[in-house]
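S.K.: First the structure, which I've put down as structure tokens, then a few questions once you've had a look.
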Amino acid sequence: MLLINSGLARFIYRADSFNAELFAMLGAILLGAPIIVHAVRSLIHGESHMDELAALGIIAAFATGEYVAAGLIGFFMLLSELVETRTALEPEPPSNR
């Protein structure tokens with residue numbers, strides 16, 4: 001919602017307004033923080049997954065001031081993790097009714 005609000009603020013105000021940047025920054029932090037934390041934990045345990053590359057992309061986009069891009073990377077990574085988790089669940093056996 002914060003990324004959508006950022007887009008609306010860019011439309012209502014000007015493209016480089018403080019409100020639009022603030023919404024985008026908060027959205028990027030909320031969406032990117034779990035990925036970055038998971039990537040750091042994986043690296044501490046000596047494991048390597050795709051999350052490390054996504055975390056690097058989020059940090060790079062955030063450092064260059066592209067908060068919307070950082071938020072979108074986080075959004076799509078969390079969405080792909082949700083889809084992966086849902087498809088990995090075993091189906092229930094059919095009932096004999």
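As shown in the structure tokens, the chain order sets the letters A, B, ...; within each chain, residues go from 1, and ligands are also counted from 1 in the order they appear.
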Need to verify the contact set: Leu72 (chain A), 12 Å, only C-alpha atoms, exclusion of same-chain residues closer than 3 positions in sequence. Can you return it as a list in words?

M.R.: Met1, Leu2, Leu3, Ile4, Ala24, Met25, Gly27, Ala28, Ile29, Leu30, Leu31, Gly32, Ala54, Gly57, Ile58, Ala61, Phe62, Glu66, Tyr67, Val68, Ala69, Phe75, Phe76, Met77, Leu78 and Leu79 of chain A

S.K.: List every residue of chain A that DSSP, applied to the backbone, labels as helix (DSSP H, G or I), and write the result as a PyMOL selection string.

M.R.: chain A and resi 2-12+18-44+51-63+67-88

S.K.: Would you compute the distance between CA of Val40 (chain A) and CA of Leu22 (chain A)? Give it in Å to one decimal.

M.R.: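 CA of Leu22 (chain A) lies 25.6 Å from CA of Val40 (chain A).
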
S.K.: Give the answer as one residue: which of A:Leu43, A:Asn5, A:Met50, A:Glu21 has the shortest atom-to-atom distance to Gly65 (chain A), using only C-alpha atoms?

M.R.: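 Of all the options, A:Glu21 lies closest to Gly65 (chain A).
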
S.K.: CA of Arg10 (chain A) and CA of Ala63 (chain A), how far apart in Å?

M.R.: 20.3 Å

S.K.: As an exercise, work out the distance from CA of Ile35 (chain A) to CA of Ala55 (chain A) in Å and give it to one decimal place.

M.R.: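 Separation of CA of Ile35 (chain A) and CA of Ala55 (chain A): 6.1 Å.
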